[in-house]
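K.L.:
This is coords.pdb (PDB, N, CA and C atoms).
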ATOM      1  N   MET A 123       9.186 -50.856 245.712
ATOM      2  CA  MET A 123       9.768 -51.828 244.812
ATOM      3  C   MET A 123      11.289 -51.729 244.801
ATOM      4  N   LEU A 124      11.799 -50.507 244.745
ATOM      5  CA  LEU A 124      13.246 -50.293 244.716
ATOM      6  C   LEU A 124      13.902 -50.801 245.995
ATOM      7  N   GLU A 125      13.170 -50.751 247.106
ATOM      8  CA  GLU A 125      13.709 -51.228 248.379
ATOM      9  C   GLU A 125      13.991 -52.728 248.351
ATOM     10  N   LYS A 126      13.290 -53.476 247.516
ATOM     11  CA  LYS A 126      13.503 -54.919 247.418
ATOM     12  C   LYS A 126      14.608 -55.260 246.426
ATOM     13  N   ILE A 127      14.777 -54.443 245.401
ATOM     14  CA  ILE A 127      15.740 -54.742 244.342
ATOM     15  C   ILE A 127      17.166 -54.408 244.774
ATOM     16  N   VAL A 128      17.363 -53.274 245.443
ATOM     17  CA  VAL A 128      18.711 -52.823 245.798
ATOM     18  C   VAL A 128      19.433 -53.839 246.691
ATOM     19  N   PRO A 129      18.829 -54.346 247.766
ATOM     20  CA  PRO A 129      19.555 -55.346 248.572
ATOM     21  C   PRO A 129      19.914 -56.596 247.772
ATOM     22  N   ARG A 130      19.048 -57.021 246.861
ATOM     23  CA  ARG A 130      19.344 -58.201 246.056
ATOM     24  C   ARG A 130      20.496 -57.930 245.098
ATOM     25  N   LEU A 131      20.533 -56.740 244.512
ATOM     26  CA  LEU A 131      21.644 -56.393 243.624
ATOM     27  C   LEU A 131      22.962 -56.334 244.387
ATOM     28  N   LEU A 132      22.924 -55.762 245.586
ATOM     29  CA  LEU A 132      24.135 -55.703 246.403
ATOM     30  C   LEU A 132      24.607 -57.100 246.787
ATOM     31  N   THR A 133      23.673 -57.962 247.148
ATOM     32  CA  THR A 133      24.029 -59.337 247.491
ATOM     33  C   THR A 133      24.652 -60.041 246.295
ATOM     34  N   ALA A 134      24.055 -59.865 245.128
ATOM     35  CA  ALA A 134      24.592 -60.489 243.918
ATOM     36  C   ALA A 134      25.967 -59.930 243.585
ATOM     37  N   ALA A 135      26.135 -58.616 243.756
ATOM     38  CA  ALA A 135      27.429 -58.000 243.458
ATOM     39  C   ALA A 135      28.523 -58.521 244.372
ATOM     40  N   LEU A 136      28.181 -58.894 245.596
ATOM     41  CA  LEU A 136      29.160 -59.437 246.521
ATOM     42  C   LEU A 136      29.389 -60.930 246.312
ATOM     43  N   LEU A 137      28.349 -61.662 245.979
ATOM     44  CA  LEU A 137      28.462 -63.106 245.855
ATOM     45  C   LEU A 137      29.121 -63.564 244.558
ATOM     46  N   VAL A 138      28.898 -62.849 243.472
ATOM     47  CA  VAL A 138      29.453 -63.286 242.185
ATOM     48  C   VAL A 138      30.975 -63.370 242.227
ATOM     49  N   PRO A 139      31.705 -62.325 242.670
ATOM     50  CA  PRO A 139      33.160 -62.469 242.724
ATOM     51  C   PRO A 139      33.607 -63.554 243.707
ATOM     52  N   LEU A 140      32.894 -63.689 244.805
ATOM     53  CA  LEU A 140      33.239 -64.715 245.789
ATOM     54  C   LEU A 140      33.094 -66.110 245.188
ATOM     55  N   LEU A 141      31.969 -66.353 244.542
ATOM     56  CA  LEU A 141      31.742 -67.657 243.935
ATOM     57  C   LEU A 141      32.676 -67.896 242.754
ATOM     58  N   ALA A 142      32.983 -66.852 242.010
ATOM     59  CA  ALA A 142      33.912 -67.011 240.885
ATOM     60  C   ALA A 142      35.281 -67.436 241.400
ATOM     61  N   GLY A 143      35.690 -66.882 242.529
ATOM     62  CA  GLY A 143      36.969 -67.274 243.112
ATOM     63  C   GLY A 143      36.970 -68.712 243.583
ATOM     64  N   CYS A 144      35.823 -69.225 243.972
ATOM     65  CA  CYS A 144      35.732 -70.604 244.438
ATOM     66  C   CYS A 144      35.795 -71.607 243.298
ATOM     67  N   VAL A 145      35.338 -71.230 242.122
ATOM     68  CA  VAL A 145      35.284 -72.185 241.017
ATOM     69  C   VAL A 145      36.421 -72.001 240.015
ATOM     70  N   MET A 146      37.188 -70.943 240.129
ATOM     71  CA  MET A 146      38.291 -70.736 239.195
ATOM     72  C   MET A 146      39.363 -71.784 239.441
ATOM     73  N   GLN A 147      39.928 -72.290 238.392
ATOM     74  CA  GLN A 147      40.985 -73.281 238.498
ATOM     75  C   GLN A 147      42.308 -72.589 238.814
ATOM     76  N   PRO A 148      43.084 -73.123 239.744
ATOM     77  CA  PRO A 148      44.402 -72.547 240.013
ATOM     78  C   PRO A 148      45.323 -72.791 238.822
ATOM     79  N   ALA A 149      46.381 -72.024 238.761
ATOM     80  CA  ALA A 149      47.354 -72.204 237.692
ATOM     81  C   ALA A 149      47.885 -73.630 237.749
ATOM     82  N   THR A 150      47.957 -74.256 236.614
ATOM     83  CA  THR A 150      48.425 -75.633 236.591
ATOM     84  C   THR A 150      49.926 -75.670 236.372
ATOM     85  N   LEU A 151      50.579 -76.528 237.112
ATOM     86  CA  LEU A 151      52.014 -76.710 236.978
ATOM     87  C   LEU A 151      52.278 -77.860 236.027
ATOM     88  N   PRO A 152      53.358 -77.777 235.282
ATOM     89  CA  PRO A 152      53.661 -78.904 234.398
ATOM     90  C   PRO A 152      54.013 -80.134 235.219
ATOM     91  N   LYS A 153      53.621 -81.275 234.733
ATOM     92  CA  LYS A 153      53.965 -82.533 235.379
ATOM     93  C   LYS A 153      55.204 -83.087 234.703
ATOM     94  N   LEU A 154      56.024 -83.769 235.459
ATOM     95  CA  LEU A 154      57.282 -84.288 234.951
ATOM     96  C   LEU A 154      57.058 -85.193 233.737
ATOM     97  N   GLU A 155      56.012 -86.023 233.803
ATOM     98  CA  GLU A 155      55.762 -86.943 232.700
ATOM     99  C   GLU A 155      55.253 -86.243 231.437
ATOM    100  N   GLU A 156      54.800 -84.984 231.556
ATOM    101  CA  GLU A 156      54.328 -84.226 230.399
ATOM    102  C   GLU A 156      55.467 -83.505 229.680
ATOM    103  N   LEU A 157      56.629 -83.414 230.314
ATOM    104  CA  LEU A 157      57.763 -82.704 229.713
ATOM    105  C   LEU A 157      58.466 -83.594 228.697
ATOM    106  N   PRO A 158      59.114 -82.960 227.702
ATOM    107  CA  PRO A 158      59.945 -83.742 226.792
ATOM    108  C   PRO A 158      61.032 -84.476 227.589
ATOM    109  N   MET A 159      61.485 -85.610 227.085
ATOM    110  CA  MET A 159      62.425 -86.462 227.814
ATOM    111  C   MET A 159      63.684 -85.715 228.252
ATOM    112  N   GLU A 160      64.246 -84.907 227.351
ATOM    113  CA  GLU A 160      65.475 -84.185 227.682
ATOM    114  C   GLU A 160      65.240 -83.182 228.811
ATOM    115  N   GLN A 161      64.109 -82.484 228.735
ATOM    116  CA  GLN A 161      63.804 -81.489 229.764
ATOM    117  C   GLN A 161      63.506 -82.177 231.100
ATOM    118  N   ALA A 162      62.805 -83.298 231.070
ATOM    119  CA  ALA A 162      62.516 -84.041 232.304
ATOM    120  C   ALA A 162      63.803 -84.533 232.946
ATOM    121  N   ALA A 163      64.734 -85.008 232.119
ATOM    122  CA  ALA A 163      66.021 -85.470 232.650
ATOM    123  C   ALA A 163      66.785 -84.313 233.288
ATOM    124  N   GLN A 164      66.719 -83.123 232.667
ATOM    125  CA  GLN A 164      67.408 -81.945 233.216
ATOM    126  C   GLN A 164      66.780 -81.529 234.542
ATOM    127  N   VAL A 165      65.449 -81.564 234.627
ATOM    128  CA  VAL A 165      64.754 -81.220 235.873
ATOM    129  C   VAL A 165      65.157 -82.198 236.973
ATOM    130  N   GLU A 166      65.199 -83.491 236.651
ATOM    131  CA  GLU A 166      65.593 -84.492 237.643
ATOM    132  C   GLU A 166      67.025 -84.275 238.120
ATOM    133  N   ALA A 167      67.923 -83.959 237.190
ATOM    134  CA  ALA A 167      69.319 -83.727 237.564
ATOM    135  C   ALA A 167      69.451 -82.480 238.433
ATOM    136  N   ASP A 168      68.778 -81.394 238.041
ATOM    137  CA  ASP A 168      68.839 -80.153 238.825
ATOM    138  C   ASP A 168      68.240 -80.364 240.214
ATOM    139  N   ALA A 169      67.127 -81.104 240.275
ATOM    140  CA  ALA A 169      66.479 -81.358 241.561
ATOM    141  C   ALA A 169      67.400 -82.157 242.471
ATOM    142  N   ALA A 170      68.035 -83.191 241.929
ATOM    143  CA  ALA A 170      68.938 -84.018 242.736
ATOM    144  C   ALA A 170      70.116 -83.202 243.243
ATOM    145  N   ALA A 171      70.633 -82.296 242.404
ATOM    146  CA  ALA A 171      71.767 -81.464 242.808
ATOM    147  C   ALA A 171      71.387 -80.508 243.938
ATOM    148  N   GLN A 172      70.112 -80.118 243.996
ATOM    149  CA  GLN A 172      69.648 -79.182 245.022
ATOM    150  C   GLN A 172      68.997 -79.897 246.205
ATOM    151  N   GLY A 173      68.962 -81.225 246.190
ATOM    152  CA  GLY A 173      68.351 -81.973 247.284
ATOM    153  C   GLY A 173      66.841 -81.894 247.281
ATOM    154  N   LEU A 174      66.244 -81.754 246.103
ATOM    155  CA  LEU A 174      64.795 -81.640 245.963
ATOM    156  C   LEU A 174      64.253 -82.808 245.164
ATOM    157  N   THR A 175      62.938 -83.002 245.258
ATOM    158  CA  THR A 175      62.294 -83.939 244.349
ATOM    159  C   THR A 175      62.025 -83.186 243.046
ATOM    160  N   PRO A 176      61.844 -83.882 241.945
ATOM    161  CA  PRO A 176      61.524 -83.185 240.696
ATOM    162  C   PRO A 176      60.242 -82.353 240.802
ATOM    163  N   GLU A 177      59.262 -82.839 241.553
ATOM    164  CA  GLU A 177      58.016 -82.089 241.720
ATOM    165  C   GLU A 177      58.270 -80.776 242.463
ATOM    166  N   GLN A 178      59.107 -80.822 243.511
ATOM    167  CA  GLN A 178      59.449 -79.600 244.239
ATOM    168  C   GLN A 178      60.178 -78.618 243.328
ATOM    169  N   LYS A 179      61.073 -79.138 242.498
ATOM    170  CA  LYS A 179      61.824 -78.284 241.570
ATOM    171  C   LYS A 179      60.883 -77.589 240.591
ATOM    172  N   LEU A 180      59.889 -78.320 240.071
ATOM    173  CA  LEU A 180      58.928 -77.713 239.149
ATOM    174  C   LEU A 180      58.113 -76.623 239.836
ATOM    175  N   ILE A 181      57.731 -76.852 241.096
ATOM    176  CA  ILE A 181      56.985 -75.827 241.836
ATOM    177  C   ILE A 181      57.848 -74.590 242.042
ATOM    178  N   LEU A 182      59.089 -74.786 242.479
ATOM    179  CA  LEU A 182      59.980 -73.648 242.713
ATOM    180  C   LEU A 182      60.263 -72.880 241.427
ATOM    181  N   ASP A 183      60.396 -73.602 240.318
ATOM    182  CA  ASP A 183      60.646 -72.929 239.044
ATOM    183  C   ASP A 183      59.459 -72.074 238.614
ATOM    184  N   GLY A 184      58.259 -72.415 239.093
ATOM    185  CA  GLY A 184      57.070 -71.656 238.740
ATOM    186  C   GLY A 184      56.854 -70.412 239.583
ATOM    187  N   LEU A 185      57.639 -70.238 240.641
ATOM    188  CA  LEU A 185      57.488 -69.069 241.511
ATOM    189  C   LEU A 185      58.260 -67.877 240.964
ATOM    190  N   ARG A 186      57.697 -66.704 241.171
ATOM    191  CA  ARG A 186      58.363 -65.478 240.736
ATOM    192  C   ARG A 186      59.444 -65.102 241.745
ATOM    193  N   ASN A 187      60.590 -64.677 241.270
ATOM    194  CA  ASN A 187      61.683 -64.236 242.132
ATOM    195  C   ASN A 187      61.544 -62.735 242.343
ATOM    196  N   ASN A 188      61.296 -62.331 243.580
ATOM    197  CA  ASN A 188      61.165 -60.910 243.902
ATOM    198  C   ASN A 188      62.455 -60.328 244.440
ATOM    199  N   GLY A 189      63.542 -61.051 244.306
ATOM    200  CA  GLY A 189      64.825 -60.551 244.781
ATOM    201  C   GLY A 189      65.000 -60.807 246.266
ATOM    202  N   PRO A 190      66.104 -60.335 246.814
ATOM    203  CA  PRO A 190      66.366 -60.571 248.237
ATOM    204  C   PRO A 190      65.392 -59.790 249.118
ATOM    205  N   ALA A 191      65.109 -60.348 250.273
ATOM    206  CA  ALA A 191      64.227 -59.676 251.223
ATOM    207  C   ALA A 191      64.943 -58.460 251.802
ATOM    208  N   PRO A 192      64.207 -57.394 252.056
ATOM    209  CA  PRO A 192      64.834 -56.231 252.688
ATOM    210  C   PRO A 192      65.172 -56.550 254.141
ATOM    211  N   GLU A 193      66.166 -55.897 254.661
ATOM    212  CA  GLU A 193      66.561 -56.099 256.061
ATOM    213  C   GLU A 193      65.414 -55.672 256.970
ATOM    214  N   LEU A 194      65.261 -56.373 258.075
ATOM    215  CA  LEU A 194      64.217 -56.058 259.041
ATOM    216  C   LEU A 194      64.661 -54.864 259.887
ATOM    217  N   THR A 195      63.838 -53.845 259.921
ATOM    218  CA  THR A 195      64.154 -52.669 260.742
ATOM    219  C   THR A 195      62.912 -52.305 261.553
ATOM    220  N   ASN A 196      63.108 -52.116 262.830
ATOM    221  CA  ASN A 196      62.015 -51.741 263.707
ATOM    222  C   ASN A 196      62.610 -51.273 265.023
ATOM    223  N   GLU A 197      61.875 -50.443 265.742
ATOM    224  CA  GLU A 197      62.354 -49.952 267.025
ATOM    225  C   GLU A 197      61.910 -50.849 268.178
ATOM    226  N   VAL A 198      60.743 -51.494 268.041
ATOM    227  CA  VAL A 198      60.199 -52.331 269.105
ATOM    228  C   VAL A 198      60.054 -53.749 268.576
ATOM    229  N   TRP A 199      60.573 -54.715 269.331
ATOM    230  CA  TRP A 199      60.485 -56.123 268.941
ATOM    231  C   TRP A 199      59.798 -56.883 270.064
ATOM    232  N   LEU A 200      58.785 -57.672 269.707
ATOM    233  CA  LEU A 200      58.060 -58.488 270.675
ATOM    234  C   LEU A 200      58.321 -59.961 270.391
ATOM    235  N   ASN A 201      58.366 -60.754 271.441
ATOM    236  CA  ASN A 201      58.504 -62.216 271.327
ATOM    237  C   ASN A 201      59.762 -62.637 270.577
ATOM    238  N   THR A 202      60.868 -62.000 270.870
ATOM    239  CA  THR A 202      62.131 -62.379 270.229
ATOM    240  C   THR A 202      63.093 -63.002 271.243
ATOM    241  N   GLU A 203      62.555 -63.528 272.332
ATOM    242  CA  GLU A 203      63.395 -64.082 273.383
ATOM    243  C   GLU A 203      64.260 -65.237 272.875
ATOM    244  N   ALA A 204      63.758 -66.015 271.925
ATOM    245  CA  ALA A 204      64.517 -67.149 271.391
ATOM    246  C   ALA A 204      65.777 -66.690 270.667
ATOM    247  N   PHE A 205      65.826 -65.416 270.316
ATOM    248  CA  PHE A 205      66.977 -64.867 269.602
ATOM    249  C   PHE A 205      67.709 -63.823 270.439
ATOM    250  N   GLY A 206      67.586 -63.899 271.742
ATOM    251  CA  GLY A 206      68.281 -62.967 272.615
ATOM    252  C   GLY A 206      67.440 -61.801 273.071
ATOM    253  N   GLY A 207      66.197 -61.696 272.612
ATOM    254  CA  GLY A 207      65.289 -60.658 273.082
ATOM    255  C   GLY A 207      65.459 -59.303 272.437
ATOM    256  N   GLY A 208      66.342 -59.166 271.507
ATOM    257  CA  GLY A 208      66.552 -57.865 270.884
ATOM    258  C   GLY A 208      66.112 -57.843 269.441
ATOM    259  N   PRO A 209      66.570 -56.831 268.717
ATOM    260  CA  PRO A 209      66.218 -56.723 267.296
ATOM    261  C   PRO A 209      66.734 -57.929 266.505
ATOM    262  N   LEU A 210      65.997 -58.304 265.482
ATOM    263  CA  LEU A 210      66.367 -59.423 264.628
ATOM    264  C   LEU A 210      66.960 -58.919 263.318
ATOM    265  N   GLN A 211      67.797 -59.737 262.751
ATOM    266  CA  GLN A 211      68.313 -59.481 261.413
ATOM    267  C   GLN A 211      68.016 -60.708 260.577
ATOM    268  N   LEU A 212      68.005 -60.536 259.256
ATOM    269  CA  LEU A 212      67.720 -61.672 258.386
ATOM    270  C   LEU A 212      68.706 -62.814 258.618
ATOM    271  N   ALA A 213      69.939 -62.485 258.921
ATOM    272  CA  ALA A 213      70.949 -63.523 259.158
ATOM    273  C   ALA A 213      70.564 -64.404 260.352
ATOM    274  N   ASP A 214      69.864 -63.826 261.355
ATOM    275  CA  ASP A 214      69.421 -64.610 262.507
ATOM    276  C   ASP A 214      68.368 -65.646 262.127
ATOM    277  N   LEU A 215      67.626 -65.381 261.055
ATOM    278  CA  LEU A 215      66.497 -66.228 260.677
ATOM    279  C   LEU A 215      66.821 -67.164 259.519
ATOM    280  N   ARG A 216      67.977 -67.008 258.917
ATOM    281  CA  ARG A 216      68.322 -67.823 257.745
ATOM    282  C   ARG A 216      68.285 -69.305 258.085
ATOM    283  N   GLY A 217      67.580 -70.068 257.244
ATOM    284  CA  GLY A 217      67.476 -71.508 257.438
ATOM    285  C   GLY A 217      66.393 -71.928 258.408
ATOM    286  N   LYS A 218      65.635 -70.979 258.947
ATOM    287  CA  LYS A 218      64.572 -71.296 259.891
ATOM    288  C   LYS A 218      63.215 -70.965 259.273
ATOM    289  N   VAL A 219      62.217 -71.761 259.604
ATOM    290  CA  VAL A 219      60.856 -71.435 259.188
ATOM    291  C   VAL A 219      60.405 -70.272 260.051
ATOM    292  N   THR A 220      59.980 -69.191 259.415
ATOM    293  CA  THR A 220      59.688 -67.962 260.148
ATOM    294  C   THR A 220      58.341 -67.399 259.731
ATOM    295  N   ILE A 221      57.540 -67.027 260.703
ATOM    296  CA  ILE A 221      56.287 -66.315 260.444
ATOM    297  C   ILE A 221      56.484 -64.895 260.955
ATOM    298  N   VAL A 222      56.303 -63.946 260.077
ATOM    299  CA  VAL A 222      56.423 -62.541 260.458
ATOM    300  C   VAL A 222      55.024 -61.942 260.423
ATOM    301  N   GLU A 223      54.592 -61.425 261.561
ATOM    302  CA  GLU A 223      53.257 -60.832 261.653
ATOM    303  C   GLU A 223      53.418 -59.340 261.932
ATOM    304  N   PHE A 224      52.787 -58.543 261.087
ATOM    305  CA  PHE A 224      52.897 -57.089 261.218
ATOM    306  C   PHE A 224      51.609 -56.544 261.814
ATOM    307  N   TRP A 225      51.756 -55.684 262.764
ATOM    308  CA  TRP A 225      50.610 -55.011 263.385
ATOM    309  C   TRP A 225      50.757 -53.515 263.203
ATOM    310  N   THR A 226      49.639 -52.866 263.078
ATOM    311  CA  THR A 226      49.661 -51.421 263.003
ATOM    312  C   THR A 226      48.463 -50.878 263.761
ATOM    313  N   TYR A 227      48.613 -49.742 264.322
ATOM    314  CA  TYR A 227      47.538 -49.079 265.036
ATOM    315  C   TYR A 227      47.310 -47.731 264.364
ATOM    316  N   GLY A 228      46.062 -47.429 264.095
ATOM    317  CA  GLY A 228      45.834 -46.189 263.366
ATOM    318  C   GLY A 228      44.806 -45.306 263.955
TER
END
Before we go any further, please render this structure as structure tokens.

P.N.:
Amino acid sequence: MLEKIVPRLLTAALLVPLLAGCVMQPATLPKLEELPMEQAAQVEADAAAQGLTPEQKLILDGLRNNGPAPELTNEVWLNTEAFGGGPLQLADLRGKVTIVEFWTYG
């Protein structure tokens, strides 16, 4: 009997968090039309000054600031030919869309 119950409990223990993650609502961002008039006007002005739409400004305002990125340091660099083939610095990547993929061998 126990042989039938344990696999079902394990399956349930794995599926419940997975399914809960699928049905949980993401954090909701305020909509411009839901803000008080003065605050909406300020968001629109700030967005225009930064070259953003008001919706983009609201999204950016909702992100946490973790401070400046640490400088990239590594001894071996792969696939950096577009930047001269050597080590990269943050200044080399400023203003560019960048995907950084980290690999480790253990």

K.L.:
Can you list what the PyMOL selection byres ((chain A and resi 152-159) around 8) grabs from this structure, as an NGL selection string?

P.N.:
:A and (149-151 or 160-165 or 176-177 or 180-181 or 184)

K.L.:
For atom C of Glu223 of chain A and atom C of Leu200 of chain A, quote the distance in Å rounded to one decimal.

P.N.:
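Computed distance, atom C of Glu223 of chain A to atom C of Leu200 of chain A, equals 9.8 Å.
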
K.L.:
Check the smallest atom-to-atom distance from each of A:Gln178, A:Ala204, A:Ala167, A:Leu212 to Pro192 of chain A using all atoms listed in the file, then report the winner.

P.N.:
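Of A:Gln178, A:Ala204, A:Ala167, A:Leu212, the one nearest Pro192 of chain A, counting all atoms listed in the file, is A:Leu212.
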
K.L.:
Check the smallest atom-to-atom distance from each of A:Phe224, A:Lys179, A:Ala213, A:Ala169 to Glu193 of chain A using only C-alpha atoms, then report the winner.

P.N.:
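The answer is A:Ala213, which sits nearest to Glu193 of chain A.
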
K.L.:
Expressed in Å to a single decimal, how great is the separation between atom CA of Tyr227 of chain A and atom CA of Trp199 of chain A?

P.N.:
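Interatomic distance, atom CA of Tyr227 of chain A to atom CA of Trp199 of chain A: 15.2 Å.
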
K.L.:
By how many Å are atom C of Leu194 of chain A and atom C of Leu210 of chain A apart?

P.N.:
5.8 Å
